[in-house]
Amino acid sequence: MKFNNIVIGGGLSGLTCGITLAKAGKKVAIISAGQSTLHFSSGSFDLLGYDEKGNVIDSPIECLSQLSQDHPYQKIGIENIKTLAQDAKIFLTESGLNVKGQIEKNHYRVTPMGVMKPTWLTLEDYLTSESSNSLPFKKVLLANFAGFHDFPIGFIAEGLKKSSTEVETTVISISALKERRHSPSEMRSANISKVLSNEDSLQEIADKLNSIDSDAEIIILPAIIGLNNDSNITILRSKVKKPLYMVATLPPSVPGVRVQMCLRNYFEKLGGTFMLGGKVESGTIENNKILNIESAMLPKEKLEADNYILATGSFQSEGLKSNYNKVYEPIFDLDVDASANRTEWVDTNVYNAQPYMKYGVKTNKMLQTQKNNITIENFYAIGSVLSGHNAIKQADGSGVSLITALAVANNILNK
Amino acid sequence: MADNLQLYNISEKDLEKCLKCSICTVYCPVAGVTPNYPGPKHAGPDGERYRIKDASFFDEKALKMCLNCKRCEVACPEGVQIADIIQSARIKYSTHKPGLREFTLANTDLVGSITTLAAPLANFATGLTPVKSLLHSIVKIDKHRTFPAYASQKFETWYKKHAEDQDKYEKQVSYFHGCYVNYNFPQLGKDLIKVMNAIGYGVKLLEKEKCCGVPLVSNGFSKQARKQGEINMASMRKSVEKGRPIITTSTSCTLMMRNEYDHLLHIDNKVAQENLSLATRFIYQLIEEGKVKLAFRNDYKKRVCYHTPCHMERLGWTVYSTSLIKMIPGIDFIMLDSQCCGIAGTYGFKKENYDVSQKIGEPLFKQIEEAKVDNVVTDCETCKWQIEMSTSAKVLNPISLLAEAIDVEKTRELNTKI
């Protein structure tokens, strides 16, 4: 089976790259072994939140040059990133994901633990602030749905109270959810979202919220509306009298599922082939080029393309693996940036930056991969599988995914 | 030594790889519409940890609600065989004795054989309101269901009359037609033969074909399923010895025999893993290898959408059917979102499942109505029943679509030259 490009991995970076190539008229396949870590998304996309010492960064674009030379952003170059960041925003909008934010200045999102964290782009309907320690409101009403445990409003209220904002909390009971509460363990965000995605339930939520006698300026809800797209959020917002904002819940993440679904739909609409549930198991490399790859679900099928893109994620998605001896890339055994000495993988203080978090496949400036120190010309790596960045400590995960995906798509198209 | 330690640190069906991330629950059609089903994570790997220690943790009522659609497995980023864990638990721990209804729904072979003998009467009777009420209240098959019509002549009977024609072809395949083609819709079998003959292949039947066992397993007759599976595998071995690979037109039969016989029923199915294919995949691969060419009718025009059956999603072979459909020049093609239609084989026929079944299918039905197509195309017979009952659409198997679209004479000419 022949394509122009095959992307291995169907998360944020894989889909971004696949869509960009498909838009340019290429025949593209994405092969994904199960669903991606987008399902744990905060509803925001980080470009760079903290410097190497852990200090909050106000302007990501100004701090890029201070990053260590092995960071993927350094390979792409600051001037390029400025353009690609604009492209990313346009690309998300085209996919049906309206976002706010810019690279000149981080804004702050609110975590389900009530902590403010710096970020680059946030879905339009989510609560954000321009300041790290205050909300632009005197008083907010924080509401939860009765029986939903993955949105600890006590924590969130405590967190928000650290700013000068007054927080009122309330719990509303929606009749459609009464039946669901028989199974408390399955009162999960995605399930609730499906139950509430009808006009009657949205009306009931709006009526309940509108009937609360409060002088709060805005209402904050757990992000459980809008699993497939933002149309139900728009409907609900139009029915609720006060401005309405969402805060992400504990996983599974409804905004993350929405990002995944919108991107996949857009990719397929552009004629792309999305194959879910098939692990790529091996490939043939000859003369520094990949000739074909094989996926578990398509036995005896050689999947061929001019260029291949590795977007398999980090340890959690099994894009990287480790055993007692080494950290390795499991499909092709590509060269990785990782210490050969196992005792150097971790820092014994669990809260410190863990060295293994920066491990990943080795690439050159074009983000081409290599094996046994020889560059594989038609094989690129993007997103979390790349070495040199730390999504948790530096808040650069989704930025690396978006920016490297767009950069590689351009590298391939300009070849 | 260090490597080996990890190599063997793997649990059955990858149970221990479950991170409890709940991604499976997002894609579970049942958990989304009813709280009575605890969801794949809980019914599968979570519950299994308890069941291993103490069988009394087996919750028959809850696990029975699993559709076995396998969308949880497709979604799982860690490769846990969630649906298999659930199905195996049902086989292993269930003490429920299947009743008349389960017997009727499960024994597609036996019931089909009897019913085709008196097809007009059976079709007439199952269409009558009093009969439907009786089935509903006593047998507990839901009254809203339109029973699939039975053909008055079995596909096998029709085939016997035309078997000789198939000897003319040098290249041959065996066709596992399945119960649906045999008893309900022989036309699909005839369409397959039309297409295969046009590309220069004769179509034989297996020496002995039994129901693949899907309805047997889901209705509690796994021992019988195993017996029938052994017969199918023995027939396939003989077919392969004669140089005939085996093709099918049903995704669920294919998935069962190829991917599930071994670990669910402990049947040696190597022959199926290597030689059994969906007809669309078989034809696509021949075309890609340059061994076969298709010529299409100039006047053929249709707007169609493709619905991905759950078991097709699990097989991962959607790309073969859709690629084949897209080869037809006159086709205006729409890909529907991949989601469950709600029927899940015999599941939706049961009275207690009817509401859940229809609720699951709702978003799909809506999308189909909005697509305004001439046909919905799909590779599954029970999806066809469900979609035709719940929407205004007519549903075709891709093979039937091909049979309509090809120019038989030109295709025949193209393939005799090769």
# chains A, B, ... in the order shown; residues from 1 in each chain; ligands from 1

call {"tool": "closest_atom_pairs", "arguments": {"of": "chain A", "to": "chain B", "cutoff": "6 Å", "atoms": "only C-alpha atoms", "output": "tab-separated table"}}
result
residue	atom	partner	partner_atom	distance
A:Gly34	CA	B:Pro77	CA	4.2
A:Gln35	CA	B:Ala75	CA	4.9
A:Arg180	CA	B:Pro35	CA	4.9
A:Ser183	CA	B:Pro35	CA	5.6
A:Ala190	CA	B:Val26	CA	5.5
A:Asn191	CA	B:Gly32	CA	5.0
A:Gly277	CA	B:Val74	CA	4.5
A:Met297	CA	B:Gly316	CA	5.7
A:Tyr324	CA	B:Ala2	CA	5.9

call {"tool": "write_last_selection", "arguments": {"atoms": "C-alpha atoms", "output": "compact mmCIF listing (two decimals), in the first residue's frame"}}
result
# COMPACT_ATOMS: atom_id res chain seq x y z
CA GLY A 34 -4.49 3.26 20.43
CA GLN A 35 -5.61 6.69 21.52
CA ARG A 180 -26.00 7.95 36.34
CA SER A 183 -22.76 3.93 39.27
CA ALA A 190 -16.69 11.78 29.13
CA ASN A 191 -19.73 9.75 30.21
CA GLY A 277 -5.40 0.31 16.84
CA MET A 297 -3.12 -5.31 11.98
CA TYR A 324 17.31 -2.79 32.95

call {"tool": "closest_atom_pairs", "arguments": {"of": "stretch 256-373 of chain A", "to": "stretch 74-82 of chain A", "cutoff": "9 Å", "atoms": "only C-alpha atoms", "output": "JSON lines"}}
result
{"residue": "A:Asn364", "atom": "CA", "partner": "A:Lys75", "partner_atom": "CA", "distance": 7.5}
{"residue": "A:Lys365", "atom": "CA", "partner": "A:Lys75", "partner_atom": "CA", "distance": 4.8}
{"residue": "A:Met366", "atom": "CA", "partner": "A:Lys75", "partner_atom": "CA", "distance": 7.5}
{"residue": "A:Leu367", "atom": "CA", "partner": "A:Lys75", "partner_atom": "CA", "distance": 7.7}

call {"tool": "closest_residue", "arguments": {"among": "A:Asp125, A:Glu301, A:Glu166, A:Glu286", "to": "A:Gly226", "atoms": "only C-alpha atoms"}}
result
A:Asp125

call {"tool": "residues_around", "arguments": {"residues": "stretch 201-205 of chain A", "least_positions_apart": "5", "cutoff": "8 Å", "atoms": "only C-alpha atoms", "output": "JSON list (two decimals) with N, CA, C and O atoms, in the first residue's frame"}}
result
[["chain", "number", "residue", "atom", "x", "y", "z"],
["A", 172, "ILE", "N", -24.92, 21.85, 41.61],
["A", 172, "ILE", "CA", -26.25, 21.75, 41.01],
["A", 172, "ILE", "C", -26.55, 20.30, 40.66],
["A", 172, "ILE", "O", -25.66, 19.54, 40.28],
["A", 174, "ILE", "N", -28.57, 17.78, 38.24],
["A", 174, "ILE", "CA", -29.26, 17.72, 36.95],
["A", 174, "ILE", "C", -29.99, 16.39, 36.84],
["A", 174, "ILE", "O", -29.40, 15.33, 37.10],
["A", 175, "SER", "N", -31.26, 16.44, 36.44],
["A", 175, "SER", "CA", -32.07, 15.21, 36.50],
["A", 175, "SER", "C", -31.51, 14.09, 35.63],
["A", 175, "SER", "O", -31.56, 12.93, 36.01],
["A", 176, "ALA", "N", -30.93, 14.44, 34.48],
["A", 176, "ALA", "CA", -30.39, 13.40, 33.60],
["A", 176, "ALA", "C", -29.23, 12.65, 34.27],
["A", 176, "ALA", "O", -28.91, 11.52, 33.89],
["A", 196, "LEU", "N", -25.22, 14.74, 28.97],
["A", 196, "LEU", "CA", -25.70, 16.13, 28.98],
["A", 196, "LEU", "C", -25.78, 16.77, 27.60],
["A", 196, "LEU", "O", -26.19, 17.90, 27.46],
["A", 232, "ASN", "N", -22.19, 22.66, 21.81],
["A", 232, "ASN", "CA", -22.98, 22.63, 23.04],
["A", 232, "ASN", "C", -22.53, 23.70, 24.04],
["A", 232, "ASN", "O", -23.34, 24.21, 24.81],
["A", 235, "ILE", "N", -24.18, 26.82, 22.84],
["A", 235, "ILE", "CA", -25.61, 26.81, 23.20],
["A", 235, "ILE", "C", -25.77, 27.16, 24.68],
["A", 235, "ILE", "O", -26.57, 28.01, 25.05],
["A", 236, "LEU", "N", -24.98, 26.50, 25.52],
["A", 236, "LEU", "CA", -25.11, 26.73, 26.96],
["A", 236, "LEU", "C", -24.78, 28.18, 27.31],
["A", 236, "LEU", "O", -25.47, 28.82, 28.11],
["A", 239, "LYS", "N", -27.54, 30.50, 26.79],
["A", 239, "LYS", "CA", -28.67, 30.35, 27.70],
["A", 239, "LYS", "C", -28.38, 30.88, 29.10],
["A", 239, "LYS", "O", -29.29, 31.25, 29.84]]

call {"tool": "atom_distance", "arguments": {"atom1": "atom CA of A:Ile30", "atom2": "atom CA of A:Ala381"}}
result
13.8 Å

call {"tool": "select_by_dssp", "arguments": {"residues": "stretch 202-371 of chain A", "states": "strand (DSSP E or B)", "output": "PyMOL selection string"}}
result
chain A and resi 218-222+244-247+273-276+280-286+289-295+303-304+307-310+321-322+327-328+336-337+360-361+363+368-371

call {"tool": "closest_residue", "arguments": {"among": "A:Ser173, A:Ser398, A:Thr128, A:Asn307", "to": "A:Leu160", "atoms": "only C-alpha atoms"}}
result
A:Thr128

call {"tool": "residues_around", "arguments": {"residues": "A:Ser164", "least_positions_apart": "6", "cutoff": "8 Å", "atoms": "only C-alpha atoms", "output": "list in words"}}
result
Ser134, Leu135 and Lys138 of chain A

call {"tool": "residues_around", "arguments": {"residues": "A:Ser253", "least_positions_apart": "3", "cutoff": "9 Å", "atoms": "only C-alpha atoms", "output": "NGL selection string"}}
result
:A and (38-43 or 189-190 or 223-224 or 227 or 248-250 or 256-258)

call {"tool": "select_by_dssp", "arguments": {"residues": "stretch 253-395 of chain A", "states": "alpha helix (DSSP H)", "output": "list in words"}}
result
Val254, Pro255, Gly256, Val257, Arg258, Val259, Gln260, Met261, Cys262, Leu263, Arg264, Asn265, Tyr266, Phe267, Glu268 and Lys269 of chain A

call {"tool": "residues_around", "arguments": {"residues": "A:Phe137", "least_positions_apart": "5", "cutoff": "12 Å", "atoms": "only C-alpha atoms", "output": "list in words"}}
result
Leu127, Thr128, Ser129, Glu130, Ser131, Leu160, Lys161, Ser163, Ser164, Thr165, Glu166, Val167, Asp215, Ala216, Glu217, Ile218, Ile219, Ile220 and Pro243 of chain A
